[in-house]
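The structure file work08.csv is reproduced below (CSV, C-alpha atoms and all ligand atoms).
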```
chain,number,residue,atom,x,y,z
X,10,MET,CA,40.4,4.6,-17.7
X,11,ARG,CA,37.4,6.4,-19.2
X,12,ARG,CA,35.9,3.1,-19.9
X,13,SER,CA,36.2,1.8,-16.4
X,14,ILE,CA,34.7,5.0,-14.9
X,15,ARG,CA,31.8,4.6,-17.2
X,16,ALA,CA,31.4,0.9,-16.1
X,17,ILE,CA,31.4,2.0,-12.5
X,18,ALA,CA,28.8,4.7,-13.3
X,19,VAL,CA,26.6,2.1,-15.0
X,20,ALA,CA,27.0,-0.3,-12.0
X,21,LEU,CA,26.1,2.5,-9.6
X,22,ALA,CA,23.0,3.4,-11.6
X,23,ILE,CA,21.9,-0.2,-11.5
X,24,THR,CA,22.4,-0.6,-7.8
X,25,ILE,CA,20.9,2.7,-6.8
X,26,ILE,CA,18.2,3.5,-9.3
X,27,LEU,CA,16.7,0.1,-9.9
X,28,PRO,CA,15.9,-0.7,-6.2
X,29,ALA,CA,14.5,2.8,-5.8
X,30,ALA,CA,12.2,2.1,-8.7
X,31,ALA,CA,10.8,-0.9,-6.9
X,32,LEU,CA,9.9,1.0,-3.8
X,33,ALA,CA,6.5,2.4,-2.9
X,34,HIS,CA,5.2,4.8,-0.4
X,35,TRP,CA,3.5,4.5,2.9
X,36,PRO,CA,-0.3,4.5,2.4
X,37,VAL,CA,-1.4,6.5,5.3
X,38,ALA,CA,-0.8,10.2,5.2
X,39,ASN,CA,-0.2,10.7,9.0
X,40,ARG,CA,3.1,10.4,10.7
X,41,TYR,CA,1.5,9.3,13.9
X,42,ALA,CA,0.2,6.1,12.4
X,43,TYR,CA,1.9,3.0,13.7
X,44,VAL,CA,2.0,-0.7,12.7
X,45,SER,CA,-0.3,-2.6,15.0
X,46,GLN,CA,0.2,-6.0,13.3
X,47,THR,CA,2.8,-7.1,10.8
X,48,TYR,CA,2.8,-9.7,8.1
X,49,TRP,CA,2.8,-13.4,9.2
X,50,SER,CA,1.3,-16.7,8.0
X,51,LYS,CA,-2.2,-15.9,9.5
X,52,HIS,CA,-2.2,-12.2,8.6
X,53,LYS,CA,-0.8,-11.5,5.1
X,54,ALA,CA,-1.0,-7.8,5.5
X,55,TYR,CA,0.2,-4.8,7.5
X,56,ASP,CA,-2.3,-3.2,9.9
X,57,ILE,CA,-1.7,0.5,10.3
X,58,ALA,CA,-3.5,2.0,13.2
X,59,THR,CA,-4.3,5.7,13.2
X,60,ASP,CA,-7.1,8.1,13.8
X,61,LYS,CA,-10.4,7.6,12.1
X,62,GLY,CA,-10.6,9.9,9.1
X,63,THR,CA,-6.9,9.9,8.2
X,64,ALA,CA,-6.4,10.0,4.4
X,65,ILE,CA,-5.4,6.8,2.6
X,66,VAL,CA,-3.2,7.2,-0.5
X,67,PRO,CA,-2.0,4.6,-3.0
X,68,MET,CA,1.5,3.1,-2.4
X,69,ARG,CA,2.2,3.8,-6.1
X,70,SER,CA,0.4,5.3,-9.0
X,71,GLY,CA,-2.0,3.0,-10.8
X,72,LYS,CA,-5.6,2.3,-11.6
X,73,VAL,CA,-8.5,1.3,-9.3
X,74,VAL,CA,-9.9,-2.1,-10.1
X,75,PHE,CA,-12.4,-2.3,-7.2
X,76,ALA,CA,-14.0,0.2,-4.8
X,77,GLY,CA,-16.9,-1.0,-2.6
X,78,HIS,CA,-18.0,-3.6,-0.1
X,79,LYS,CA,-17.0,-7.3,0.0
X,80,ARG,CA,-18.1,-10.0,2.4
X,81,ASN,CA,-14.5,-10.9,3.3
X,82,CYS,CA,-14.4,-9.2,6.7
X,83,GLY,CA,-12.5,-6.3,5.0
X,84,GLY,CA,-15.7,-4.1,4.9
X,85,TYR,CA,-15.4,-1.3,2.4
X,86,GLN,CA,-12.2,-1.7,0.4
X,87,ILE,CA,-10.2,-0.4,-2.6
X,88,TRP,CA,-8.0,-2.4,-4.8
X,89,VAL,CA,-5.4,-0.7,-7.1
X,90,SER,CA,-3.5,-2.2,-10.1
X,91,HIS,CA,0.1,-0.9,-10.5
X,92,GLY,CA,0.9,-2.9,-13.6
X,93,ASN,CA,3.1,-6.0,-14.1
X,94,GLY,CA,0.6,-8.0,-12.0
X,95,LEU,CA,1.2,-6.0,-8.9
X,96,TYR,CA,-1.8,-4.9,-6.9
X,97,SER,CA,-2.4,-3.2,-3.5
X,98,ALA,CA,-5.6,-3.4,-1.4
X,99,TYR,CA,-6.9,-1.1,1.4
X,100,TYR,CA,-9.5,-2.4,3.8
X,101,HIS,CA,-11.9,-1.2,6.6
X,102,VAL,CA,-12.2,2.2,5.0
X,103,ARG,CA,-15.1,4.5,5.9
X,104,LYS,CA,-17.9,4.0,3.4
X,105,ALA,CA,-18.8,7.7,3.0
X,106,SER,CA,-15.2,8.6,2.4
X,107,ILE,CA,-14.6,6.5,-0.7
X,108,ASN,CA,-13.2,9.0,-3.3
X,109,VAL,CA,-12.5,6.7,-6.3
X,110,TRP,CA,-14.2,4.3,-8.6
X,111,ARG,CA,-13.3,1.3,-10.8
X,112,GLY,CA,-11.2,2.6,-13.7
X,113,LYS,CA,-10.1,5.8,-11.9
X,114,ARG,CA,-6.3,6.5,-12.4
X,115,VAL,CA,-4.7,7.3,-9.1
X,116,ARG,CA,-1.4,9.0,-8.2
X,117,ASP,CA,1.1,7.9,-5.7
X,118,GLN,CA,0.7,10.0,-2.5
X,119,SER,CA,-1.6,12.6,-4.1
X,120,THR,CA,-4.9,10.9,-4.8
X,121,ARG,CA,-7.0,10.3,-1.7
X,122,LEU,CA,-8.5,6.8,-2.0
X,123,ALA,CA,-10.6,7.0,1.1
X,124,ARG,CA,-10.3,7.7,4.8
X,125,VAL,CA,-9.4,5.3,7.6
X,126,GLY,CA,-12.5,3.7,9.2
X,127,ALA,CA,-13.5,0.5,11.0
X,128,SER,CA,-15.8,-1.2,8.5
X,129,GLY,CA,-16.0,-5.0,8.2
X,130,CYS,CA,-14.6,-7.0,11.1
X,131,ALA,CA,-12.3,-4.2,12.4
X,132,THR,CA,-12.3,-3.7,16.1
X,133,GLY,CA,-10.9,-0.2,15.9
X,134,PRO,CA,-9.9,2.3,13.2
X,135,HIS,CA,-7.0,1.0,11.2
X,136,LEU,CA,-5.9,0.3,7.6
X,137,HIS,CA,-5.4,-3.3,6.7
X,138,PHE,CA,-3.0,-3.1,3.8
X,139,GLU,CA,-2.2,-5.9,1.4
X,140,VAL,CA,0.2,-6.2,-1.6
X,141,TRP,CA,-0.8,-8.9,-4.2
X,142,ARG,CA,1.0,-10.6,-7.0
X,143,GLY,CA,-2.0,-11.2,-9.3
X,144,PHE,CA,-5.5,-9.8,-9.2
X,145,PRO,CA,-6.6,-9.8,-5.5
X,146,TRP,CA,-8.4,-13.0,-4.4
X,147,ALA,CA,-8.2,-14.6,-8.0
X,148,SER,CA,-7.0,-18.2,-8.2
X,149,GLY,CA,-3.2,-18.3,-8.5
X,150,SER,CA,-2.8,-14.9,-6.9
X,151,TYR,CA,-0.9,-14.5,-3.7
X,152,ARG,CA,-0.1,-11.9,-1.1
X,153,VAL,CA,3.5,-10.7,-0.4
X,154,ASN,CA,4.9,-8.8,2.6
X,155,PRO,CA,4.1,-5.1,2.0
X,156,TRP,CA,7.1,-4.1,3.9
X,157,GLY,CA,9.3,-5.1,1.0
X,158,TYR,CA,7.6,-2.5,-1.2
X,159,ILE,CA,7.5,0.5,1.1
X,160,ASP,CA,10.4,2.9,1.4
X,161,SER,CA,11.5,4.7,4.5
X,162,GLY,CA,10.1,8.0,3.2
X,163,TYR,CA,7.9,10.7,4.5
X,164,TYR,CA,4.9,8.7,5.5
X,165,LEU,CA,6.8,6.1,7.5
X,166,PRO,CA,5.4,6.2,11.0
X,167,TYR,CA,7.7,7.9,13.5
X,168,ARG,CA,8.3,4.7,15.5
X,169,TYR,CA,10.1,3.2,12.5
X,170,ARG,CA,12.1,6.3,11.3
Z,201,ZN,ZN,-5.2,-6.7,9.4
```

As structure tokens, please, write out the structure in this file.
Amino acid sequence: MRRSIRAIAVALAITIILPAAALAHWPVANRYAYVSQTYWSKHKAYDIATDKGTAIVPMRSGKVVFAGHKRNCGGYQIWVSHGNGLYSAYYHVRKASINVWRGKRVRDQSTRLARVGASGCATGPHLHFEVWRGFPWASGSYRVNPWGYIDSGYYLPYRYR
């Protein structure tokens, strides 16, 4: 009897705790943000539209591997490594708002990476948010649907609560 209760407890811990550990947080600290474009074959990212100047926070703790401008239409952008080959990337940020540098350790929901802007090819203020398996844009790396990594927590926009 004791043994079976213990087995059930272990099974519960695996089903509840492990998926939770895989989750990440919404990267825009504004509940009025909304998804303006989801992930599909021609847009391997989520676009989160919100007011210019809204703080952008990392989806998980990690280390910045790039902060600056790239000629990839993303304008000013920040890439964060979360370990185990998982990366997230934040595009179109406002140049003057960049608050981190390569090598900087960042904390989930508490470090401000930058603020929402419209740099690069953006037509209006929004965050273009990508999740990568492998270093962003390196050969062999690929993007995955960010939705699978984001929980339904505090930063989820009100439309999706
Ligand atoms: Zn986009």

(request) Could you tell me which of X:Gly126, X:Gly62, X:Pro134, X:Gly112 comes closest to X:Ser90 if we count only C-alpha atoms? (result)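 Checking each of X:Gly126, X:Gly62, X:Pro134, X:Gly112 against X:Ser90, counting only C-alpha atoms, the winner is X:Gly112.
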
(request) Please measure the separation of atom CA of X:Lys72 and atom CA of X:Arg121, giving the value in Å to one decimal. (result)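 Those two atoms sit 12.8 Å apart.
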
(request) Check every protein, DNA and RNA residue against ligand ZN 201 (chain Z), keep those with an atom at most 10 Å away (counting all atoms listed in the file), and present them as JSON, numbers by chain. (result) {"X": [44, 45, 46, 47, 48, 51, 52, 53, 54, 55, 56, 57, 58, 82, 83, 99, 100, 101, 130, 131, 135, 136, 137, 138, 139]}

Identify, on the basis of all atoms listed in the file, every residue whose closest approach to stretch 140-153 of chain X does not exceed 12 Å; exclude the query and any residue fewer than 5 positions from it along the same chain; express the result as a tab-separated table (two decimals) with C-alpha atoms, in the coordinates of the input.
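Once written, out-v3.tsv looks like this:
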```tsv
chain	number	residue	atom	x	y	z
X	33	ALA	CA	6.50	2.40	-2.90
X	36	PRO	CA	-0.30	4.50	2.40
X	47	THR	CA	2.80	-7.10	10.80
X	48	TYR	CA	2.80	-9.70	8.10
X	49	TRP	CA	2.80	-13.40	9.20
X	50	SER	CA	1.30	-16.70	8.00
X	51	LYS	CA	-2.20	-15.90	9.50
X	52	HIS	CA	-2.20	-12.20	8.60
X	53	LYS	CA	-0.80	-11.50	5.10
X	54	ALA	CA	-1.00	-7.80	5.50
X	55	TYR	CA	0.20	-4.80	7.50
X	67	PRO	CA	-2.00	4.60	-3.00
X	68	MET	CA	1.50	3.10	-2.40
X	69	ARG	CA	2.20	3.80	-6.10
X	73	VAL	CA	-8.50	1.30	-9.30
X	74	VAL	CA	-9.90	-2.10	-10.10
X	75	PHE	CA	-12.40	-2.30	-7.20
X	79	LYS	CA	-17.00	-7.30	0.00
X	81	ASN	CA	-14.50	-10.90	3.30
X	86	GLN	CA	-12.20	-1.70	0.40
X	87	ILE	CA	-10.20	-0.40	-2.60
X	88	TRP	CA	-8.00	-2.40	-4.80
X	89	VAL	CA	-5.40	-0.70	-7.10
X	90	SER	CA	-3.50	-2.20	-10.10
X	91	HIS	CA	0.10	-0.90	-10.50
X	92	GLY	CA	0.90	-2.90	-13.60
X	93	ASN	CA	3.10	-6.00	-14.10
X	94	GLY	CA	0.60	-8.00	-12.00
X	95	LEU	CA	1.20	-6.00	-8.90
X	96	TYR	CA	-1.80	-4.90	-6.90
X	97	SER	CA	-2.40	-3.20	-3.50
X	98	ALA	CA	-5.60	-3.40	-1.40
X	99	TYR	CA	-6.90	-1.10	1.40
X	100	TYR	CA	-9.50	-2.40	3.80
X	158	TYR	CA	7.60	-2.50	-1.20
X	159	ILE	CA	7.50	0.50	1.10
```

(message) Under the rule that all atoms listed in the file are counted, which of X:Val115, X:Val102, X:Ile107, X:Val125 is the nearest residue to X:Asn39?
(response)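 Comparing X:Val115, X:Val102, X:Ile107, X:Val125 against X:Asn39, the winner is X:Val125.
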
(message) As an exercise, work out the distance from atom CA of X:Arg80 to atom CA of X:Trp35 in Å and give it to one decimal place.
(response)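 Separation of atom CA of X:Arg80 and atom CA of X:Trp35: 26.0 Å.
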
(message) With distances taken over all atoms listed in the file, which residue among X:His34, X:Thr120, X:Trp156, X:Arg103 lies nearest X:His78?
(response)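 Result for the nearest residue to X:His78: X:Arg103.
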